[in-house]
>>> print(open('upload_14.cif').read())   # mmCIF, C-alpha atoms
data_input
#
loop_
_atom_site.label_atom_id
_atom_site.label_comp_id
_atom_site.auth_asym_id
_atom_site.auth_seq_id
_atom_site.Cartn_x
_atom_site.Cartn_y
_atom_site.Cartn_z
CA MET A 172 -12.38 67.31 32.03
CA ALA A 173 -15.86 67.88 33.45
CA SER A 174 -16.81 70.16 30.57
CA SER A 175 -15.67 67.62 27.98
CA VAL A 176 -17.78 64.94 29.67
CA ILE A 177 -20.80 67.24 29.59
CA VAL A 178 -20.25 67.97 25.91
CA PHE A 179 -19.97 64.25 25.19
CA LEU A 180 -23.16 63.48 27.10
CA LEU A 181 -24.99 66.27 25.29
CA PHE A 182 -23.75 64.86 22.00
CA LEU A 183 -25.11 61.44 22.89
CA PHE A 184 -28.40 62.91 24.05
CA PHE A 185 -29.07 65.10 21.05
CA GLY A 186 -27.60 62.53 18.69
CA SER A 187 -30.06 59.94 19.96
CA LEU A 188 -32.91 62.41 19.51
CA TYR A 189 -31.78 63.07 15.97
CA ALA A 190 -31.77 59.37 15.24
CA GLN A 191 -35.39 58.92 16.34
CA LEU A 192 -38.22 58.73 13.83
CA SER A 193 -40.85 61.42 14.25
CA SER A 194 -44.29 62.02 12.79
CA THR A 195 -43.38 65.69 12.30
CA PHE A 196 -39.97 65.11 10.73
CA TYR A 197 -40.85 67.09 7.56
CA GLY A 198 -43.05 69.64 9.30
CA THR A 199 -40.63 72.46 8.53
CA SER A 200 -38.34 71.08 5.83
CA CYS A 201 -41.11 69.83 3.53
CA PRO A 202 -44.60 70.58 4.81
CA GLU A 203 -46.20 69.56 1.49
CA ALA A 204 -44.59 66.11 1.44
CA LEU A 205 -47.44 64.08 2.95
CA SER A 206 -50.21 65.72 0.94
CA THR A 207 -48.19 65.29 -2.26
CA ILE A 208 -47.72 61.58 -1.61
CA GLN A 209 -51.36 61.11 -0.62
CA THR A 210 -52.69 62.75 -3.79
CA ALA A 211 -50.43 60.64 -6.00
CA VAL A 212 -51.40 57.40 -4.25
CA GLN A 213 -55.10 58.19 -4.43
CA SER A 214 -54.75 58.83 -8.17
CA ALA A 215 -52.81 55.60 -8.77
CA VAL A 216 -55.24 53.46 -6.75
CA SER A 217 -58.23 55.11 -8.39
CA ASP A 218 -56.79 54.22 -11.80
CA GLU A 219 -56.04 50.64 -10.69
CA PRO A 220 -57.28 49.41 -7.29
CA ARG A 221 -54.75 46.56 -7.32
CA MET A 222 -51.97 49.15 -7.12
CA GLY A 223 -52.86 49.71 -3.47
CA ALA A 224 -51.80 46.17 -2.66
CA SER A 225 -48.68 46.54 -4.77
CA LEU A 226 -47.53 49.68 -2.94
CA LEU A 227 -48.24 48.11 0.46
CA ARG A 228 -46.21 45.06 -0.56
CA LEU A 229 -43.24 47.20 -1.62
CA HIS A 230 -42.99 48.62 1.90
CA PHE A 231 -43.24 45.16 3.47
CA HIS A 232 -40.63 43.62 1.18
CA ASP A 233 -38.34 46.57 1.77
CA CYS A 234 -38.54 46.44 5.56
CA PHE A 235 -37.89 42.70 5.80
CA VAL A 236 -34.53 43.02 4.06
CA ASN A 237 -32.03 44.89 6.26
CA GLY A 238 -34.72 47.28 7.48
CA CYS A 239 -36.95 49.98 5.99
CA ASP A 240 -34.30 51.69 3.88
CA ALA A 241 -35.59 51.65 0.28
CA SER A 242 -32.89 49.17 -0.71
CA LEU A 243 -35.61 47.28 -2.59
CA LEU A 244 -35.90 50.08 -5.13
CA LEU A 245 -32.26 50.07 -6.18
CA ASP A 246 -31.33 48.83 -9.63
CA ASP A 247 -28.30 46.57 -10.03
CA THR A 248 -24.90 48.24 -10.13
CA SER A 249 -21.38 47.04 -10.83
CA SER A 250 -20.81 46.62 -7.08
CA PHE A 251 -24.01 44.83 -6.03
CA THR A 252 -27.01 42.94 -7.34
CA GLY A 253 -30.27 44.49 -6.21
CA GLU A 254 -33.22 42.78 -4.55
CA LYS A 255 -35.68 42.96 -7.42
CA THR A 256 -34.64 39.60 -8.85
CA ALA A 257 -34.87 37.72 -5.54
CA PHE A 258 -37.24 34.75 -5.70
CA PRO A 259 -40.03 36.42 -3.67
CA ASN A 260 -39.77 39.60 -5.79
CA VAL A 261 -39.01 38.69 -9.39
CA ASP A 262 -41.94 38.97 -11.80
CA SER A 263 -44.26 39.88 -8.92
CA LEU A 264 -43.34 43.23 -7.38
CA ARG A 265 -45.14 46.15 -8.99
CA GLY A 266 -45.51 49.87 -8.47
CA PHE A 267 -41.96 51.03 -9.07
CA ASP A 268 -43.21 53.50 -11.66
CA VAL A 269 -45.71 54.93 -9.19
CA ILE A 270 -42.95 55.45 -6.62
CA ASP A 271 -40.86 57.14 -9.32
CA THR A 272 -43.76 59.49 -10.07
CA ILE A 273 -44.26 60.29 -6.39
CA LYS A 274 -40.55 60.94 -5.92
CA THR A 275 -40.49 63.33 -8.89
CA GLN A 276 -43.47 65.22 -7.50
CA VAL A 277 -42.00 65.42 -4.00
CA GLU A 278 -38.65 66.57 -5.38
CA SER A 279 -40.46 69.38 -7.19
CA VAL A 280 -41.78 70.78 -3.90
CA CYS A 281 -38.65 70.20 -1.80
CA ALA A 282 -35.58 68.81 -3.51
CA GLY A 283 -33.26 66.43 -1.69
CA VAL A 284 -35.27 66.35 1.54
CA VAL A 285 -37.67 63.37 1.59
CA SER A 286 -36.24 59.87 1.50
CA CYS A 287 -37.47 57.10 -0.73
CA ALA A 288 -37.84 54.91 2.37
CA ASP A 289 -40.28 57.40 3.88
CA ILE A 290 -42.17 57.61 0.59
CA LEU A 291 -42.65 53.83 0.69
CA ALA A 292 -43.92 53.99 4.27
CA VAL A 293 -46.38 56.81 3.61
CA ALA A 294 -47.56 55.31 0.30
CA ALA A 295 -48.32 52.03 2.08
CA ARG A 296 -50.49 53.84 4.64
CA ASP A 297 -52.27 55.92 2.01
CA SER A 298 -52.93 52.81 -0.09
CA VAL A 299 -54.66 51.07 2.81
CA VAL A 300 -56.77 54.15 3.50
CA ALA A 301 -57.69 54.51 -0.18
CA LEU A 302 -59.10 50.97 -0.10
CA GLY A 303 -61.11 51.44 3.10
CA GLY A 304 -58.68 50.61 5.89
CA ASN A 305 -57.80 52.62 8.98
CA SER A 306 -55.17 55.32 8.91
CA TRP A 307 -52.17 55.52 11.22
CA THR A 308 -49.50 58.06 12.05
CA VAL A 309 -46.40 57.23 10.02
CA GLN A 310 -43.14 57.84 11.82
CA LEU A 311 -40.69 59.63 9.51
CA GLY A 312 -37.00 60.35 9.21
CA ARG A 313 -35.72 57.21 7.51
CA ARG A 314 -32.76 57.57 5.19
CA ASP A 315 -31.98 55.54 2.08
CA ALA A 316 -29.55 52.66 1.79
CA THR A 317 -26.58 52.90 -0.54
CA THR A 318 -26.50 49.16 -1.19
CA ALA A 319 -28.88 46.20 -1.47
CA SER A 320 -28.75 42.48 -0.74
CA LEU A 321 -30.11 39.83 -3.07
CA ASP A 322 -29.02 37.07 -0.68
CA THR A 323 -30.85 38.60 2.29
CA ALA A 324 -33.98 39.08 0.22
CA ASN A 325 -33.91 35.40 -0.69
CA SER A 326 -33.32 34.29 2.89
CA ASP A 327 -35.43 36.69 4.98
CA LEU A 328 -38.68 37.23 3.09
CA PRO A 329 -41.46 34.78 4.02
CA GLN A 330 -42.39 32.27 1.34
CA PRO A 331 -45.92 31.21 0.26
CA THR A 332 -45.00 27.63 1.17
CA PHE A 333 -44.04 28.44 4.77
CA SER A 334 -45.46 26.56 7.73
CA LEU A 335 -46.85 28.37 10.75
CA SER A 336 -43.64 27.88 12.70
CA GLN A 337 -41.59 29.25 9.80
CA LEU A 338 -43.84 32.31 9.57
CA ILE A 339 -43.58 32.97 13.30
CA SER A 340 -39.80 32.61 13.13
CA ALA A 341 -39.45 34.93 10.10
CA PHE A 342 -41.40 37.68 11.83
CA SER A 343 -39.69 37.10 15.17
CA ASP A 344 -36.34 37.63 13.46
CA LYS A 345 -37.56 41.15 12.66
CA GLY A 346 -38.77 41.85 16.19
CA LEU A 347 -42.43 41.20 15.42
CA SER A 348 -44.61 38.91 17.51
CA ALA A 349 -46.69 35.96 16.35
CA GLU A 350 -49.78 38.09 16.92
CA GLU A 351 -48.37 40.85 14.71
CA MET A 352 -47.56 38.26 12.06
CA VAL A 353 -51.22 37.20 11.93
CA THR A 354 -52.31 40.84 11.86
CA LEU A 355 -49.90 41.88 9.10
CA SER A 356 -50.87 38.83 7.05
CA GLY A 357 -54.23 40.57 6.77
CA SER A 358 -52.64 42.72 4.08
CA HIS A 359 -53.62 39.79 1.87
CA THR A 360 -57.18 41.06 2.03
CA ILE A 361 -56.17 43.01 -1.09
CA GLY A 362 -54.09 42.05 -4.09
CA GLN A 363 -53.54 39.07 -6.34
CA ALA A 364 -51.11 36.17 -6.55
CA ARG A 365 -49.56 34.29 -9.45
CA CYS A 366 -50.54 30.71 -10.21
CA THR A 367 -47.01 29.53 -9.49
CA THR A 368 -47.35 30.64 -5.84
CA PHE A 369 -50.51 28.65 -5.09
CA ARG A 370 -50.41 25.73 -7.55
CA GLU A 371 -48.95 23.31 -5.00
CA ARG A 372 -51.68 24.18 -2.51
CA ILE A 373 -54.67 23.71 -4.80
CA TYR A 374 -53.40 20.40 -6.17
CA ASN A 375 -51.83 18.87 -3.05
CA ASP A 376 -53.19 20.41 0.16
CA THR A 377 -56.19 18.76 1.75
CA ASN A 378 -57.28 21.63 4.01
CA ILE A 379 -58.86 23.61 1.17
CA ASN A 380 -62.50 24.08 0.25
CA THR A 381 -63.17 21.68 -2.61
CA ALA A 382 -65.29 24.02 -4.71
CA TYR A 383 -62.79 26.82 -4.20
CA ALA A 384 -59.91 24.60 -5.33
CA THR A 385 -61.85 23.49 -8.40
CA THR A 386 -62.48 27.09 -9.41
CA LEU A 387 -58.81 27.96 -9.00
CA LYS A 388 -57.69 24.96 -11.05
CA SER A 389 -59.67 26.23 -14.04
CA ASN A 390 -57.31 29.21 -14.20
CA CYS A 391 -54.18 27.54 -12.85
CA PRO A 392 -53.46 24.21 -14.56
CA SER A 393 -51.03 21.73 -13.06
CA THR A 394 -48.40 22.90 -15.53
CA GLY A 395 -47.98 26.17 -17.39
CA SER A 396 -49.83 29.48 -17.04
CA ASP A 397 -47.55 30.47 -14.17
CA ASP A 398 -48.46 34.15 -14.44
CA ASN A 399 -52.24 33.70 -14.33
CA LEU A 400 -53.62 35.65 -11.38
CA ALA A 401 -56.14 34.98 -8.63
CA PRO A 402 -57.31 37.33 -5.86
CA ILE A 403 -55.81 36.39 -2.50
CA ASP A 404 -59.11 37.40 -0.91
CA THR A 405 -61.78 35.87 -3.09
CA THR A 406 -64.60 37.80 -1.38
CA SER A 407 -63.57 41.46 -1.68
CA PRO A 408 -60.13 41.69 -3.31
CA THR A 409 -60.06 45.49 -3.60
CA ALA A 410 -61.52 46.36 -0.18
CA PHE A 411 -59.32 46.53 2.91
CA ASP A 412 -61.52 44.58 5.30
CA ASN A 413 -61.53 41.39 7.39
CA SER A 414 -62.86 39.00 4.75
CA TYR A 415 -59.39 37.46 4.40
CA TYR A 416 -59.89 35.93 7.84
CA GLU A 417 -63.44 34.85 7.06
CA ASN A 418 -62.02 32.99 4.08
CA LEU A 419 -59.42 31.24 6.25
CA VAL A 420 -62.14 29.99 8.60
CA SER A 421 -63.87 28.57 5.49
CA THR A 422 -60.56 26.96 4.34
CA LYS A 423 -60.40 29.34 1.40
CA GLY A 424 -56.89 30.62 1.98
CA LEU A 425 -55.21 31.01 -1.40
CA LEU A 426 -51.61 30.45 -0.33
CA HIS A 427 -50.42 27.55 1.79
CA SER A 428 -48.94 30.09 4.19
CA ASP A 429 -52.31 31.84 4.45
CA GLN A 430 -54.20 28.73 5.54
CA GLU A 431 -51.45 27.87 8.02
CA LEU A 432 -52.81 30.70 10.18
CA TYR A 433 -56.01 28.68 10.64
CA ASN A 434 -55.09 25.03 10.66
CA ASN A 435 -55.62 23.73 14.20
CA GLY A 436 -52.67 25.74 15.45
CA SER A 437 -51.80 28.42 17.98
CA THR A 438 -53.11 31.29 15.84
CA ASP A 439 -56.60 29.90 15.18
CA ASP A 440 -58.24 31.95 17.92
CA GLN A 441 -56.84 35.24 16.60
CA VAL A 442 -58.05 34.43 13.09
CA THR A 443 -61.49 33.59 14.47
CA SER A 444 -61.56 36.87 16.39
CA TYR A 445 -60.66 38.92 13.33
CA SER A 446 -63.20 37.05 11.21
CA THR A 447 -66.00 38.28 13.48
CA SER A 448 -64.61 41.70 14.44
CA PRO A 449 -63.50 43.86 11.52
CA ALA A 450 -62.92 46.86 13.78
CA THR A 451 -60.45 44.91 15.91
CA PHE A 452 -58.50 43.81 12.85
CA LEU A 453 -58.34 47.27 11.30
CA SER A 454 -57.18 48.83 14.56
CA ASP A 455 -54.57 46.14 15.21
CA PHE A 456 -53.31 46.36 11.62
CA ALA A 457 -52.65 50.08 11.89
CA ALA A 458 -50.65 49.55 15.10
CA ALA A 459 -48.68 46.64 13.65
CA MET A 460 -47.76 48.67 10.56
CA VAL A 461 -46.15 51.31 12.76
CA ASN A 462 -44.01 48.60 14.38
CA MET A 463 -43.10 47.07 11.03
CA GLY A 464 -42.12 50.49 9.70
CA ASN A 465 -39.68 50.84 12.60
CA ILE A 466 -37.57 47.82 11.59
CA SER A 467 -33.91 48.93 11.57
CA PRO A 468 -34.28 52.30 9.82
CA LEU A 469 -31.25 54.29 8.78
CA THR A 470 -31.37 57.64 10.56
CA GLY A 471 -29.19 60.60 11.40
CA THR A 472 -26.18 60.69 9.09
CA SER A 473 -26.44 57.05 7.99
CA GLY A 474 -27.34 56.34 4.39
CA GLU A 475 -28.42 59.17 2.12
CA ILE A 476 -31.43 60.93 0.65
CA ARG A 477 -31.63 59.61 -2.90
CA THR A 478 -32.87 61.98 -5.57
CA ASP A 479 -33.66 58.99 -7.83
CA CYS A 480 -35.08 56.07 -5.87
CA ARG A 481 -33.52 53.54 -8.23
CA LYS A 482 -29.95 54.86 -8.04
CA ILE A 483 -27.50 55.79 -5.31
CA ASN A 484 -26.37 59.39 -5.47
#
>>> encode(input="upload_14.cif", output="structure tokens")
Amino acid sequence: MASSVIVFLLFLFFGSLYAQLSSTFYGTSCPEALSTIQTAVQSAVSDEPRMGASLLRLHFHDCFVNGCDASLLLDDTSSFTGEKTAFPNVDSLRGFDVIDTIKTQVESVCAGVVSCADILAVAARDSVVALGGNSWTVQLGRRDATTASLDTANSDLPQPTFSLSQLISAFSDKGLSAEEMVTLSGSHTIGQARCTTFRERIYNDTNINTAYATTLKSNCPSTGSDDNLAPIDTTSPTAFDNSYYENLVSTKGLLHSDQELYNNGSTDDQVTSYSTSPATFLSDFAAAMVNMGNISPLTGTSGEIRTDCRKIN
């Protein structure tokens, strides 16, 4: 009896260790994985700086829907509808082809070892670094989901029309604090948004710089031209810096949800701090990304390691 108890306890102990993410997860099984991903990301971002924002957004939109499990990448099947056509994703998510390229390259150096979920996490980090942001140590060992959820994508991803309380609640539901929400929103210092996501703000909100709104209206009429783009950070849209927060202080937030972070509310002081201290923002962002990347990963024997990120094995 005693020996069986010891075996059980050892199973629990080593099983729990196996289920933990680790920065050295591929140290032996695929030592070239991280350098392969980094080189591919640097090439993609060099070709098109906006791709850095797109790859970062893929990781975020993946993690907020049932955890960081690469479910976002799955194409529709006969048994489920994928997440790509969810309202926050359809006609706006980009970079799937870059992830496909990275996966092919990683498979060529170590087949069937590195998960698509880990590729998303590392590509997000390398994208930020390629555009001037701080690096961080990515925890690895995620496995890939074998299903996806359109309904959860529609319900759990923050919307550009959200109020501050809705933003805080959406992040809290994922185990992230209000402070981390403000920090992670700084990802909007890079990238662009479609006219349809900010039209209501520039025509109806009053807490927006008048000249800024006028400029935006010239490219985003009150009807039509839904796919016309505008940089979310009008100052330095391809540099990962703190100018996003400087813009908020000047009421130049592009999305309604952006300006909610600085609108006489509980997060004003943090925005002000970041607007005057780029080093603080960059350091906090790196730490918050580690926490976001730890949202409900599949580990151990859960899920699978997909050989094609768009299809279950």
>>> atom_distance(input="upload_14.cif", atom1="atom CA of A:Thr199", atom2="atom CA of A:Cys239")
22.9 Å
>>> closest_residue(input="upload_14.cif", among="A:Val299, A:Leu338, A:Ile208, A:Leu387", to="A:Thr360", atoms="all atoms listed in the file")
A:Val299
>>> resolve_selection(input="upload_14.cif", expression="the PyMOL selection byres ((chain A and resi 395-404) around 10)", output="number ranges by chain")
A: 221, 262-263, 357-370, 387, 390-394, 405-419, 423-426, 429
>>> residues_around(input="upload_14.cif", residues="A:Thr248", least_positions_apart="3", cutoff="12 Å", atoms="only C-alpha atoms", output="ChimeraX atom specification")
/A:245,251-254,317-320,481-483
>>> closest_residue(input="upload_14.cif", among="A:Thr256, A:Ser356, A:Ser242, A:Ser334", to="A:Glu431", atoms="all atoms listed in the file")
A:Ser334
>>> residues_around(input="upload_14.cif", residues="A:Gly223", least_positions_apart="3", cutoff="8 Å", atoms="all atoms listed in the file", output="number ranges by chain")
A: 212, 215-216, 219-220, 226-227, 295, 298-299, 301-302, 361-362
>>> atom_distance(input="upload_14.cif", atom1="atom CA of A:Pro202", atom2="atom CA of A:Val284")
10.8 Å
>>> residues_around(input="upload_14.cif", residues="A:Val442", least_positions_apart="4", cutoff="7 Å", atoms="all atoms listed in the file", output="PDB file with C-alpha atoms, in the coordinates of the input")
ATOM      1  CA  TYR A 416     -59.890  35.930   7.840  1.00  0.00           C
ATOM      2  CA  TYR A 433     -56.010  28.680  10.640  1.00  0.00           C
ATOM      3  CA  THR A 438     -53.110  31.290  15.840  1.00  0.00           C
ATOM      4  CA  SER A 446     -63.200  37.050  11.210  1.00  0.00           C
TER       5      SER A 446
END
>>> residues_around(input="upload_14.cif", residues="A:Asp327", least_positions_apart="6", cutoff="12 Å", atoms="all atoms listed in the file", output="PyMOL selection string")
chain A and resi 231-238+254+257-260+320-321+333+337-338+340-345
>>> closest_residue(input="upload_14.cif", among="A:Thr272, A:Gln310, A:Asn435, A:Thr451", to="A:Ala288", atoms="only C-alpha atoms")
A:Gln310
>>> atom_distance(input="upload_14.cif", atom1="atom CA of A:Asp297", atom2="atom CA of A:Gln209")
5.9 Å
>>> build_atoms(input="upload_14.cif", residues="stretch 419-430 of chain A", atoms="all heavy atoms", output="compact mmCIF listing (two decimals), keeping the file's coordinate frame")
# COMPACT_ATOMS: atom_id res chain seq x y z
N LEU A 419 -60.26 32.25 5.59
CA LEU A 419 -59.42 31.24 6.25
C LEU A 419 -60.27 30.29 7.07
O LEU A 419 -60.04 29.07 7.07
CB LEU A 419 -58.37 31.91 7.14
CG LEU A 419 -57.32 32.79 6.44
CD1 LEU A 419 -56.30 33.28 7.46
CD2 LEU A 419 -56.63 32.04 5.31
N VAL A 420 -61.25 30.83 7.79
CA VAL A 420 -62.14 29.99 8.60
C VAL A 420 -62.92 29.02 7.70
O VAL A 420 -63.25 27.91 8.11
CB VAL A 420 -63.09 30.86 9.44
CG1 VAL A 420 -64.14 30.03 10.13
CG2 VAL A 420 -62.30 31.67 10.46
N SER A 421 -63.16 29.42 6.46
CA SER A 421 -63.87 28.57 5.49
C SER A 421 -62.92 27.74 4.64
O SER A 421 -63.32 27.18 3.63
CB SER A 421 -64.75 29.44 4.58
OG SER A 421 -65.68 30.19 5.32
N THR A 422 -61.65 27.65 5.06
CA THR A 422 -60.56 26.96 4.34
C THR A 422 -60.44 27.43 2.89
O THR A 422 -60.22 26.64 1.98
CB THR A 422 -60.71 25.42 4.40
OG1 THR A 422 -61.93 25.00 3.77
CG2 THR A 422 -60.65 24.91 5.83
N LYS A 423 -60.57 28.75 2.72
CA LYS A 423 -60.40 29.34 1.40
C LYS A 423 -59.19 30.26 1.37
O LYS A 423 -59.19 31.30 0.69
CB LYS A 423 -61.66 30.11 1.00
CG LYS A 423 -62.88 29.22 0.78
CD LYS A 423 -64.09 30.05 0.37
CE LYS A 423 -65.33 29.18 0.16
NZ LYS A 423 -66.52 29.98 -0.21
N GLY A 424 -58.14 29.89 2.08
CA GLY A 424 -56.89 30.62 1.98
C GLY A 424 -56.22 30.27 0.66
O GLY A 424 -56.10 29.09 0.32
N LEU A 425 -55.78 31.28 -0.08
CA LEU A 425 -55.21 31.01 -1.40
C LEU A 425 -53.82 30.39 -1.29
O LEU A 425 -53.53 29.40 -1.97
CB LEU A 425 -55.13 32.31 -2.22
CG LEU A 425 -54.53 32.15 -3.63
CD1 LEU A 425 -55.41 31.26 -4.49
CD2 LEU A 425 -54.32 33.51 -4.28
N LEU A 426 -52.97 30.96 -0.48
CA LEU A 426 -51.61 30.45 -0.33
C LEU A 426 -51.54 29.44 0.81
O LEU A 426 -52.29 29.53 1.78
CB LEU A 426 -50.64 31.60 -0.05
CG LEU A 426 -50.64 32.77 -1.04
CD1 LEU A 426 -49.66 33.85 -0.58
CD2 LEU A 426 -50.32 32.30 -2.45
N HIS A 427 -50.63 28.51 0.69
CA HIS A 427 -50.42 27.55 1.79
C HIS A 427 -50.13 28.30 3.08
O HIS A 427 -50.67 27.96 4.14
CB HIS A 427 -49.25 26.62 1.44
CG HIS A 427 -48.89 25.67 2.53
ND1 HIS A 427 -49.54 24.46 2.71
CD2 HIS A 427 -47.96 25.75 3.53
CE1 HIS A 427 -49.02 23.84 3.76
NE2 HIS A 427 -48.07 24.60 4.27
N SER A 428 -49.30 29.33 2.99
CA SER A 428 -48.94 30.09 4.19
C SER A 428 -50.14 30.83 4.78
O SER A 428 -50.20 31.04 5.99
CB SER A 428 -47.83 31.09 3.86
OG SER A 428 -48.20 31.94 2.80
N ASP A 429 -51.09 31.22 3.94
CA ASP A 429 -52.31 31.84 4.45
C ASP A 429 -53.08 30.87 5.34
O ASP A 429 -53.42 31.17 6.48
CB ASP A 429 -53.22 32.28 3.29
CG ASP A 429 -52.69 33.48 2.53
OD1 ASP A 429 -52.08 34.36 3.15
OD2 ASP A 429 -52.92 33.53 1.31
N GLN A 430 -53.36 29.69 4.80
CA GLN A 430 -54.20 28.73 5.54
C GLN A 430 -53.50 28.20 6.78
O GLN A 430 -54.16 27.75 7.72
CB GLN A 430 -54.60 27.56 4.63
CG GLN A 430 -55.79 26.76 5.15
CD GLN A 430 -57.04 27.62 5.32
OE1 GLN A 430 -57.51 28.25 4.38
NE2 GLN A 430 -57.57 27.66 6.54
